[in-house]
Every structure is written in structure tokens, then in C-alpha cells.
>>> print(open('coords_38.txt').read())   # compact mmCIF, N, CA and C atoms
# COMPACT_ATOMS: atom_id res chain seq x y z
N MET A 1 -3.90 -11.56 -6.39
CA MET A 1 -2.76 -10.71 -6.18
C MET A 1 -3.22 -9.26 -6.07
N GLY A 2 -4.20 -8.99 -5.24
CA GLY A 2 -4.74 -7.66 -5.17
C GLY A 2 -4.20 -6.81 -4.04
N SER A 3 -3.82 -7.41 -2.93
CA SER A 3 -3.39 -6.61 -1.79
C SER A 3 -1.97 -6.09 -2.02
N PRO A 4 -1.64 -4.97 -1.35
CA PRO A 4 -0.27 -4.46 -1.47
C PRO A 4 0.78 -5.48 -1.04
N THR A 5 0.46 -6.28 -0.04
CA THR A 5 1.41 -7.28 0.43
C THR A 5 1.67 -8.32 -0.65
N ASP A 6 0.61 -8.80 -1.31
CA ASP A 6 0.77 -9.77 -2.40
C ASP A 6 1.56 -9.17 -3.56
N LEU A 7 1.23 -7.95 -3.89
CA LEU A 7 1.91 -7.27 -4.98
C LEU A 7 3.38 -7.06 -4.65
N PHE A 8 3.67 -6.72 -3.40
CA PHE A 8 5.05 -6.53 -2.98
C PHE A 8 5.84 -7.83 -3.08
N LYS A 9 5.25 -8.93 -2.63
CA LYS A 9 5.93 -10.23 -2.70
C LYS A 9 6.22 -10.60 -4.15
N TYR A 10 5.24 -10.39 -5.04
CA TYR A 10 5.42 -10.70 -6.45
C TYR A 10 6.52 -9.83 -7.05
N PHE A 11 6.47 -8.53 -6.75
CA PHE A 11 7.44 -7.62 -7.33
C PHE A 11 8.83 -7.82 -6.73
N ARG A 12 8.90 -8.20 -5.47
CA ARG A 12 10.19 -8.43 -4.82
C ARG A 12 10.98 -9.50 -5.59
N ASP A 13 10.28 -10.53 -6.06
CA ASP A 13 10.94 -11.58 -6.85
C ASP A 13 11.47 -11.03 -8.18
N ILE A 14 10.67 -10.20 -8.83
CA ILE A 14 11.10 -9.60 -10.09
C ILE A 14 12.28 -8.66 -9.85
N HIS A 15 12.19 -7.86 -8.79
CA HIS A 15 13.27 -6.94 -8.43
C HIS A 15 14.57 -7.71 -8.17
N GLN A 16 14.47 -8.83 -7.51
CA GLN A 16 15.65 -9.65 -7.23
C GLN A 16 16.23 -10.23 -8.51
N GLU A 17 15.36 -10.63 -9.44
CA GLU A 17 15.85 -11.15 -10.73
C GLU A 17 16.65 -10.09 -11.47
N ILE A 18 16.15 -8.86 -11.42
CA ILE A 18 16.87 -7.76 -12.08
C ILE A 18 18.24 -7.58 -11.42
N GLN A 19 18.27 -7.57 -10.11
CA GLN A 19 19.54 -7.39 -9.41
C GLN A 19 20.49 -8.54 -9.68
N ASP A 20 19.95 -9.74 -9.82
CA ASP A 20 20.78 -10.91 -10.10
C ASP A 20 21.44 -10.85 -11.48
N LYS A 21 20.90 -10.03 -12.37
CA LYS A 21 21.44 -9.90 -13.73
C LYS A 21 22.61 -8.91 -13.81
N GLU A 22 22.92 -8.25 -12.70
CA GLU A 22 24.02 -7.27 -12.68
C GLU A 22 25.34 -7.85 -13.20
N PRO A 23 25.76 -9.04 -12.76
CA PRO A 23 27.01 -9.61 -13.30
C PRO A 23 26.96 -9.86 -14.81
N THR A 24 25.82 -10.27 -15.31
CA THR A 24 25.66 -10.50 -16.75
C THR A 24 25.80 -9.18 -17.50
N TYR A 25 25.15 -8.14 -16.96
CA TYR A 25 25.24 -6.82 -17.58
C TYR A 25 26.69 -6.33 -17.59
N ALA A 26 27.38 -6.47 -16.46
CA ALA A 26 28.77 -6.02 -16.36
C ALA A 26 29.66 -6.78 -17.34
N ALA A 27 29.45 -8.07 -17.47
CA ALA A 27 30.25 -8.88 -18.41
C ALA A 27 29.97 -8.47 -19.85
N LEU A 28 28.72 -8.20 -20.16
CA LEU A 28 28.35 -7.78 -21.51
C LEU A 28 28.97 -6.41 -21.83
N LEU A 29 28.95 -5.53 -20.87
CA LEU A 29 29.55 -4.21 -21.05
C LEU A 29 31.06 -4.32 -21.27
N THR A 30 31.71 -5.17 -20.49
CA THR A 30 33.16 -5.39 -20.65
C THR A 30 33.48 -5.99 -22.01
N ALA A 31 32.69 -6.98 -22.42
CA ALA A 31 32.92 -7.62 -23.73
C ALA A 31 32.70 -6.61 -24.85
N GLY A 32 31.69 -5.76 -24.71
CA GLY A 32 31.43 -4.74 -25.72
C GLY A 32 32.57 -3.74 -25.82
N GLU A 33 33.12 -3.35 -24.67
CA GLU A 33 34.26 -2.42 -24.66
C GLU A 33 35.48 -3.07 -25.32
N GLN A 34 35.72 -4.34 -25.04
CA GLN A 34 36.86 -5.05 -25.64
C GLN A 34 36.68 -5.17 -27.15
N LEU A 35 35.45 -5.48 -27.56
CA LEU A 35 35.17 -5.59 -29.00
C LEU A 35 35.36 -4.25 -29.68
N LYS A 36 34.93 -3.19 -29.02
CA LYS A 36 35.08 -1.84 -29.57
C LYS A 36 36.56 -1.50 -29.74
N GLU A 37 37.39 -1.86 -28.77
CA GLU A 37 38.83 -1.56 -28.82
C GLU A 37 39.53 -2.31 -29.95
N THR A 38 39.04 -3.49 -30.28
CA THR A 38 39.68 -4.29 -31.34
C THR A 38 39.12 -3.99 -32.72
N SER A 39 38.08 -3.18 -32.77
CA SER A 39 37.47 -2.84 -34.06
C SER A 39 38.43 -2.01 -34.91
N GLN A 40 38.49 -2.32 -36.18
CA GLN A 40 39.38 -1.62 -37.11
C GLN A 40 38.73 -0.35 -37.66
N LEU A 41 37.45 -0.39 -37.88
CA LEU A 41 36.77 0.73 -38.52
C LEU A 41 36.17 1.69 -37.49
N PRO A 42 36.39 2.99 -37.68
CA PRO A 42 35.82 3.98 -36.76
C PRO A 42 34.28 3.91 -36.71
N ALA A 43 33.68 3.61 -37.85
CA ALA A 43 32.21 3.52 -37.88
C ALA A 43 31.73 2.37 -36.98
N ASP A 44 32.44 1.25 -36.98
CA ASP A 44 32.09 0.12 -36.11
C ASP A 44 32.26 0.50 -34.64
N ARG A 45 33.34 1.21 -34.34
CA ARG A 45 33.57 1.64 -32.95
C ARG A 45 32.46 2.60 -32.50
N ASP A 46 32.10 3.51 -33.38
CA ASP A 46 31.02 4.46 -33.04
C ASP A 46 29.69 3.74 -32.84
N ASN A 47 29.43 2.78 -33.71
CA ASN A 47 28.19 2.00 -33.61
C ASN A 47 28.16 1.21 -32.31
N LEU A 48 29.28 0.56 -31.99
CA LEU A 48 29.36 -0.19 -30.73
C LEU A 48 29.22 0.73 -29.52
N GLN A 49 29.85 1.89 -29.58
CA GLN A 49 29.75 2.83 -28.46
C GLN A 49 28.31 3.29 -28.28
N GLU A 50 27.63 3.54 -29.37
CA GLU A 50 26.22 3.95 -29.31
C GLU A 50 25.38 2.85 -28.66
N LYS A 51 25.62 1.62 -29.06
CA LYS A 51 24.88 0.49 -28.51
C LYS A 51 25.20 0.30 -27.01
N LEU A 52 26.46 0.44 -26.64
CA LEU A 52 26.85 0.32 -25.24
C LEU A 52 26.22 1.44 -24.40
N ASP A 53 26.22 2.65 -24.93
CA ASP A 53 25.61 3.78 -24.23
C ASP A 53 24.10 3.55 -24.05
N ASN A 54 23.47 3.06 -25.11
CA ASN A 54 22.04 2.78 -25.05
C ASN A 54 21.74 1.70 -24.01
N MET A 55 22.54 0.64 -24.02
CA MET A 55 22.34 -0.45 -23.07
C MET A 55 22.55 0.06 -21.64
N SER A 56 23.58 0.87 -21.44
CA SER A 56 23.87 1.41 -20.12
C SER A 56 22.73 2.30 -19.63
N GLN A 57 22.22 3.13 -20.50
CA GLN A 57 21.10 4.00 -20.14
C GLN A 57 19.85 3.19 -19.78
N ARG A 58 19.55 2.19 -20.59
CA ARG A 58 18.38 1.35 -20.32
C ARG A 58 18.54 0.57 -19.02
N TRP A 59 19.76 0.08 -18.75
CA TRP A 59 20.02 -0.65 -17.51
C TRP A 59 19.81 0.27 -16.30
N THR A 60 20.33 1.49 -16.40
CA THR A 60 20.18 2.46 -15.32
C THR A 60 18.70 2.79 -15.10
N GLU A 61 17.97 3.02 -16.18
CA GLU A 61 16.54 3.33 -16.07
C GLU A 61 15.77 2.17 -15.45
N LEU A 62 16.11 0.95 -15.86
CA LEU A 62 15.44 -0.24 -15.31
C LEU A 62 15.69 -0.35 -13.81
N ASN A 63 16.94 -0.18 -13.40
CA ASN A 63 17.26 -0.27 -11.98
C ASN A 63 16.60 0.85 -11.17
N THR A 64 16.60 2.04 -11.71
CA THR A 64 15.97 3.17 -11.02
C THR A 64 14.48 2.93 -10.86
N ALA A 65 13.83 2.49 -11.93
CA ALA A 65 12.40 2.22 -11.87
C ALA A 65 12.09 1.07 -10.91
N SER A 66 12.91 0.05 -10.93
CA SER A 66 12.70 -1.09 -10.05
C SER A 66 12.89 -0.70 -8.58
N ASP A 67 13.94 0.06 -8.29
CA ASP A 67 14.17 0.53 -6.93
C ASP A 67 13.03 1.42 -6.45
N ASP A 68 12.58 2.31 -7.33
CA ASP A 68 11.49 3.23 -6.98
C ASP A 68 10.20 2.46 -6.70
N ARG A 69 9.89 1.51 -7.56
CA ARG A 69 8.66 0.72 -7.36
C ARG A 69 8.75 -0.11 -6.09
N ALA A 70 9.90 -0.69 -5.82
CA ALA A 70 10.07 -1.48 -4.60
C ALA A 70 9.87 -0.61 -3.37
N ALA A 71 10.42 0.60 -3.39
CA ALA A 71 10.25 1.51 -2.24
C ALA A 71 8.80 1.91 -2.06
N LYS A 72 8.11 2.19 -3.16
CA LYS A 72 6.69 2.58 -3.07
C LYS A 72 5.83 1.43 -2.57
N LEU A 73 6.09 0.23 -3.06
CA LEU A 73 5.31 -0.92 -2.60
C LEU A 73 5.59 -1.23 -1.14
N GLU A 74 6.83 -1.09 -0.73
CA GLU A 74 7.17 -1.32 0.68
C GLU A 74 6.44 -0.32 1.57
N GLN A 75 6.38 0.93 1.12
CA GLN A 75 5.65 1.96 1.88
C GLN A 75 4.16 1.64 1.92
N ALA A 76 3.60 1.17 0.81
CA ALA A 76 2.18 0.82 0.77
C ALA A 76 1.88 -0.33 1.73
N VAL A 77 2.77 -1.30 1.80
CA VAL A 77 2.59 -2.42 2.74
C VAL A 77 2.62 -1.91 4.17
N LYS A 78 3.57 -1.02 4.47
CA LYS A 78 3.65 -0.46 5.83
C LYS A 78 2.37 0.30 6.18
N LEU A 79 1.89 1.11 5.25
CA LEU A 79 0.68 1.88 5.50
C LEU A 79 -0.53 0.97 5.67
N THR A 80 -0.57 -0.09 4.89
CA THR A 80 -1.67 -1.05 5.02
C THR A 80 -1.65 -1.70 6.39
N ARG A 81 -0.47 -2.07 6.86
CA ARG A 81 -0.36 -2.67 8.20
C ARG A 81 -0.77 -1.69 9.28
N ILE A 82 -0.33 -0.44 9.16
CA ILE A 82 -0.70 0.59 10.14
C ILE A 82 -2.20 0.80 10.14
N ASN A 83 -2.79 0.90 8.95
CA ASN A 83 -4.24 1.12 8.86
C ASN A 83 -5.01 -0.06 9.44
N ARG A 84 -4.53 -1.27 9.18
CA ARG A 84 -5.20 -2.45 9.73
C ARG A 84 -5.15 -2.43 11.25
N GLN A 85 -4.00 -2.03 11.80
CA GLN A 85 -3.87 -1.95 13.25
C GLN A 85 -4.80 -0.89 13.81
N ASP A 86 -4.86 0.28 13.15
CA ASP A 86 -5.74 1.35 13.62
C ASP A 86 -7.19 0.93 13.56
N VAL A 87 -7.59 0.31 12.46
CA VAL A 87 -8.97 -0.14 12.31
C VAL A 87 -9.27 -1.24 13.32
N GLY A 88 -8.35 -2.17 13.46
CA GLY A 88 -8.54 -3.25 14.42
C GLY A 88 -8.69 -2.72 15.82
N GLU A 89 -7.88 -1.76 16.20
CA GLU A 89 -7.95 -1.17 17.54
C GLU A 89 -9.26 -0.42 17.73
N SER A 90 -9.70 0.32 16.71
CA SER A 90 -10.93 1.10 16.86
C SER A 90 -12.16 0.20 16.93
N PHE A 91 -12.10 -0.99 16.34
CA PHE A 91 -13.23 -1.91 16.44
C PHE A 91 -13.14 -2.79 17.68
N ARG A 92 -11.94 -3.03 18.15
CA ARG A 92 -11.76 -3.91 19.29
C ARG A 92 -12.42 -3.34 20.54
N VAL A 93 -12.22 -2.07 20.82
CA VAL A 93 -12.78 -1.48 22.04
C VAL A 93 -14.30 -1.54 22.04
N PRO A 94 -14.98 -1.04 20.99
CA PRO A 94 -16.44 -1.18 21.01
C PRO A 94 -16.90 -2.64 21.05
N TYR A 95 -16.15 -3.52 20.37
CA TYR A 95 -16.53 -4.93 20.38
C TYR A 95 -16.42 -5.50 21.79
N ASP A 96 -15.33 -5.15 22.49
CA ASP A 96 -15.18 -5.61 23.88
C ASP A 96 -16.30 -5.08 24.75
N GLU A 97 -16.66 -3.81 24.55
CA GLU A 97 -17.75 -3.22 25.32
C GLU A 97 -19.08 -3.92 25.01
N LEU A 98 -19.29 -4.21 23.72
CA LEU A 98 -20.52 -4.90 23.31
C LEU A 98 -20.56 -6.31 23.91
N ALA A 99 -19.44 -7.01 23.87
CA ALA A 99 -19.40 -8.36 24.45
C ALA A 99 -19.67 -8.31 25.95
N GLN A 100 -19.12 -7.33 26.62
CA GLN A 100 -19.35 -7.19 28.05
C GLN A 100 -20.82 -6.87 28.32
N HIS A 101 -21.40 -5.99 27.52
CA HIS A 101 -22.82 -5.64 27.67
C HIS A 101 -23.71 -6.87 27.45
N ARG A 102 -23.39 -7.65 26.44
CA ARG A 102 -24.19 -8.86 26.16
C ARG A 102 -24.08 -9.86 27.32
N ALA A 103 -22.88 -10.00 27.87
CA ALA A 103 -22.70 -10.92 29.00
C ALA A 103 -23.53 -10.46 30.19
N GLN A 104 -23.54 -9.17 30.47
CA GLN A 104 -24.34 -8.64 31.57
C GLN A 104 -25.83 -8.85 31.30
N HIS A 105 -26.25 -8.64 30.05
CA HIS A 105 -27.65 -8.82 29.69
C HIS A 105 -28.08 -10.28 29.87
N ARG A 106 -27.21 -11.20 29.46
CA ARG A 106 -27.52 -12.62 29.63
C ARG A 106 -27.62 -12.98 31.11
N LYS A 107 -26.74 -12.41 31.91
CA LYS A 107 -26.74 -12.67 33.33
C LYS A 107 -28.06 -12.19 33.95
N ARG A 108 -28.48 -10.97 33.57
CA ARG A 108 -29.75 -10.42 34.09
C ARG A 108 -30.92 -11.28 33.62
N LYS A 109 -30.87 -11.68 32.38
CA LYS A 109 -31.96 -12.49 31.82
C LYS A 109 -32.05 -13.83 32.53
N SER A 110 -30.89 -14.45 32.80
CA SER A 110 -30.91 -15.74 33.48
C SER A 110 -31.37 -15.56 34.94
N LEU A 111 -31.07 -14.42 35.54
CA LEU A 111 -31.54 -14.17 36.91
C LEU A 111 -33.05 -14.00 36.95
N LYS A 112 -33.63 -13.36 35.93
CA LYS A 112 -35.08 -13.18 35.87
C LYS A 112 -35.78 -14.52 35.77
N PHE A 113 -35.21 -15.41 34.95
CA PHE A 113 -35.85 -16.72 34.80
C PHE A 113 -35.67 -17.57 36.04
N ALA A 114 -34.61 -17.35 36.75
CA ALA A 114 -34.35 -18.13 37.97
C ALA A 114 -35.31 -17.73 39.09
N LEU A 115 -35.76 -16.49 39.10
CA LEU A 115 -36.66 -16.01 40.14
C LEU A 115 -38.03 -16.49 39.85
>>> encode(input="coords_38.txt", output="C-alpha cells")
Amino acid sequence: MGSPTDLFKYFRDIHQEIQDKEPTYAALLTAGEQLKETSQLPADRDNLQEKLDNMSQRWTELNTASDDRAAKLEQAVKLTRINRQDVGESFRVPYDELAQHRAQHRKRKSLKFAL
């Protein structure tokens, strides 16, 4: 799992898992709000609100980090593809010239032996 493409594929699955948990997060947040509203003690309400705020902040940070990493890995994959194309093109031309030169050399060599 060393290339950017492999890393992107691996991370894309993790990123999707995080996104798939959005309904669970929303349901948990709703349940927490309902529990807070039915709480009799102000200290319990404050404690629940603190926990809900903490969960919301962590969820936001997780999504932001996941989105950022996905964007960076996608860019790395694009750059890798561009670099491979550039390198491939820069080697292809000399390789074609070398192959043509070798073919001409073989032709001359076979003509010498034929004479």
C-alpha cells in the first residue's frame, strides 16, 4: 500500500464509512437533545449539553480532517498520473529513436554479411 493510488483507494473506503455514519450521528444527537429536554436536574442538562457539544465538535473535526485528507490524496493521485505521463512521454521518444537506430544498424549489418 505504498503508492498514492493504493493509499487513496484504502482511504476512500474509510472516508465512505465515516460518511455512512452520518445518520447514526444525527440520531444520537436527536436522542441526546430529547434526553436533555426531559431531564429534571439542571446539572444533568448541563452535563448532557456539554457531551453533545463535545460530540458535535469531534464529529465536525473528523469530517473536516477526512475531507481534507481525501482531497490531498486525490491531488497526489492526479499528480502521480501526470508525472507518469510526462516521464513516459520523455522516455518514449528516445526509445523510439533508439529502436529505429537499432533496426537500421541490423539492416546494415545484414547487408554486409549478404555481400
>>> residues_around(input="coords_38.txt", residues="stretch 29-41 of chain A", least_positions_apart="2", cutoff="12 Å", atoms="only C-alpha atoms", output="PDB file with N, CA and C atoms, in the coordinates of the input")
ATOM      1  N   GLU A  22      22.920  -8.250 -12.700  1.00  0.00           N
ATOM      2  CA  GLU A  22      24.020  -7.270 -12.680  1.00  0.00           C
ATOM      3  C   GLU A  22      25.340  -7.850 -13.200  1.00  0.00           C
ATOM      4  N   PRO A  23      25.760  -9.040 -12.760  1.00  0.00           N
ATOM      5  CA  PRO A  23      27.010  -9.610 -13.300  1.00  0.00           C
ATOM      6  C   PRO A  23      26.960  -9.860 -14.810  1.00  0.00           C
ATOM      7  N   THR A  24      25.820 -10.270 -15.310  1.00  0.00           N
ATOM      8  CA  THR A  24      25.660 -10.500 -16.750  1.00  0.00           C
ATOM      9  C   THR A  24      25.800  -9.180 -17.500  1.00  0.00           C
ATOM     10  N   TYR A  25      25.150  -8.140 -16.960  1.00  0.00           N
ATOM     11  CA  TYR A  25      25.240  -6.820 -17.580  1.00  0.00           C
ATOM     12  C   TYR A  25      26.690  -6.330 -17.590  1.00  0.00           C
ATOM     13  N   ALA A  26      27.380  -6.470 -16.460  1.00  0.00           N
ATOM     14  CA  ALA A  26      28.770  -6.020 -16.360  1.00  0.00           C
ATOM     15  C   ALA A  26      29.660  -6.780 -17.340  1.00  0.00           C
ATOM     16  N   ALA A  27      29.450  -8.070 -17.470  1.00  0.00           N
ATOM     17  CA  ALA A  27      30.250  -8.880 -18.410  1.00  0.00           C
ATOM     18  C   ALA A  27      29.970  -8.470 -19.850  1.00  0.00           C
ATOM     19  N   ALA A  43      33.680   3.610 -37.850  1.00  0.00           N
ATOM     20  CA  ALA A  43      32.210   3.520 -37.880  1.00  0.00           C
ATOM     21  C   ALA A  43      31.730   2.370 -36.980  1.00  0.00           C
ATOM     22  N   ASP A  44      32.440   1.250 -36.980  1.00  0.00           N
ATOM     23  CA  ASP A  44      32.090   0.120 -36.110  1.00  0.00           C
ATOM     24  C   ASP A  44      32.260   0.500 -34.640  1.00  0.00           C
ATOM     25  N   ARG A  45      33.340   1.210 -34.340  1.00  0.00           N
ATOM     26  CA  ARG A  45      33.570   1.640 -32.950  1.00  0.00           C
ATOM     27  C   ARG A  45      32.460   2.600 -32.500  1.00  0.00           C
ATOM     28  N   ASP A  46      32.100   3.510 -33.380  1.00  0.00           N
ATOM     29  CA  ASP A  46      31.020   4.460 -33.040  1.00  0.00           C
ATOM     30  C   ASP A  46      29.690   3.740 -32.840  1.00  0.00           C
ATOM     31  N   ASN A  47      29.430   2.780 -33.710  1.00  0.00           N
ATOM     32  CA  ASN A  47      28.190   2.000 -33.610  1.00  0.00           C
ATOM     33  C   ASN A  47      28.160   1.210 -32.310  1.00  0.00           C
ATOM     34  N   LEU A  48      29.280   0.560 -31.990  1.00  0.00           N
ATOM     35  CA  LEU A  48      29.360  -0.190 -30.730  1.00  0.00           C
ATOM     36  C   LEU A  48      29.220   0.730 -29.520  1.00  0.00           C
ATOM     37  N   GLN A  49      29.850   1.890 -29.580  1.00  0.00           N
ATOM     38  CA  GLN A  49      29.750   2.830 -28.460  1.00  0.00           C
ATOM     39  C   GLN A  49      28.310   3.290 -28.280  1.00  0.00           C
ATOM     40  N   GLU A  50      27.630   3.540 -29.370  1.00  0.00           N
ATOM     41  CA  GLU A  50      26.220   3.950 -29.310  1.00  0.00           C
ATOM     42  C   GLU A  50      25.380   2.850 -28.660  1.00  0.00           C
ATOM     43  N   LYS A  51      25.620   1.620 -29.060  1.00  0.00           N
ATOM     44  CA  LYS A  51      24.880   0.490 -28.510  1.00  0.00           C
ATOM     45  C   LYS A  51      25.200   0.300 -27.010  1.00  0.00           C
ATOM     46  N   LEU A  52      26.460   0.440 -26.640  1.00  0.00           N
ATOM     47  CA  LEU A  52      26.850   0.320 -25.240  1.00  0.00           C
ATOM     48  C   LEU A  52      26.220   1.440 -24.400  1.00  0.00           C
ATOM     49  N   ASP A  53      26.220   2.650 -24.930  1.00  0.00           N
ATOM     50  CA  ASP A  53      25.610   3.780 -24.230  1.00  0.00           C
ATOM     51  C   ASP A  53      24.100   3.550 -24.050  1.00  0.00           C
ATOM     52  N   ASN A  54      23.470   3.060 -25.110  1.00  0.00           N
ATOM     53  CA  ASN A  54      22.040   2.780 -25.050  1.00  0.00           C
ATOM     54  C   ASN A  54      21.740   1.700 -24.010  1.00  0.00           C
ATOM     55  N   MET A  55      22.540   0.640 -24.020  1.00  0.00           N
ATOM     56  CA  MET A  55      22.340  -0.450 -23.070  1.00  0.00           C
ATOM     57  C   MET A  55      22.550   0.060 -21.640  1.00  0.00           C
ATOM     58  N   SER A  56      23.580   0.870 -21.440  1.00  0.00           N
ATOM     59  CA  SER A  56      23.870   1.410 -20.120  1.00  0.00           C
ATOM     60  C   SER A  56      22.730   2.300 -19.630  1.00  0.00           C
ATOM     61  N   GLN A  57      22.220   3.130 -20.500  1.00  0.00           N
ATOM     62  CA  GLN A  57      21.100   4.000 -20.140  1.00  0.00           C
ATOM     63  C   GLN A  57      19.850   3.190 -19.780  1.00  0.00           C
ATOM     64  N   TRP A  59      19.760   0.080 -18.750  1.00  0.00           N
ATOM     65  CA  TRP A  59      20.020  -0.650 -17.510  1.00  0.00           C
ATOM     66  C   TRP A  59      19.810   0.270 -16.300  1.00  0.00           C
TER      67      TRP A  59
END
>>> atom_distance(input="coords_38.txt", atom1="atom C of A:Ala76", atom2="atom C of A:Lys21")
27.3 Å
>>> atom_distance(input="coords_38.txt", atom1="atom N of A:Phe8", atom2="atom CA of A:Leu73")
6.1 Å
>>> atom_distance(input="coords_38.txt", atom1="atom N of A:Gln75", atom2="atom CA of A:Leu62")
18.8 Å
>>> residues_around(input="coords_38.txt", residues="A:Glu74", least_positions_apart="5", cutoff="8 Å", atoms="all atoms listed in the file", output="JSON, numbers by chain")
{"A": [4, 7, 8, 68, 69, 79, 80]}
>>> axis_aligned_box(input="coords_38.txt", around="stretch 29-43 of chain A", padding_each_side="4 Å", output="lines of an AutoDock Vina configuration file")
center_x = 34.3
center_y = -1.8
center_z = -29.5
size_x = 18.7
size_y = 19.6
size_z = 26.0
>>> closest_residue(input="coords_38.txt", among="A:Ala70, A:Ala65, A:Pro42, A:Lys78", to="A:Tyr10", atoms="only C-alpha atoms")
A:Ala70
>>> closest_residue(input="coords_38.txt", among="A:Asp20, A:Arg81, A:Arg12, A:Ala103", to="A:Asp67", atoms="only C-alpha atoms")
A:Arg12
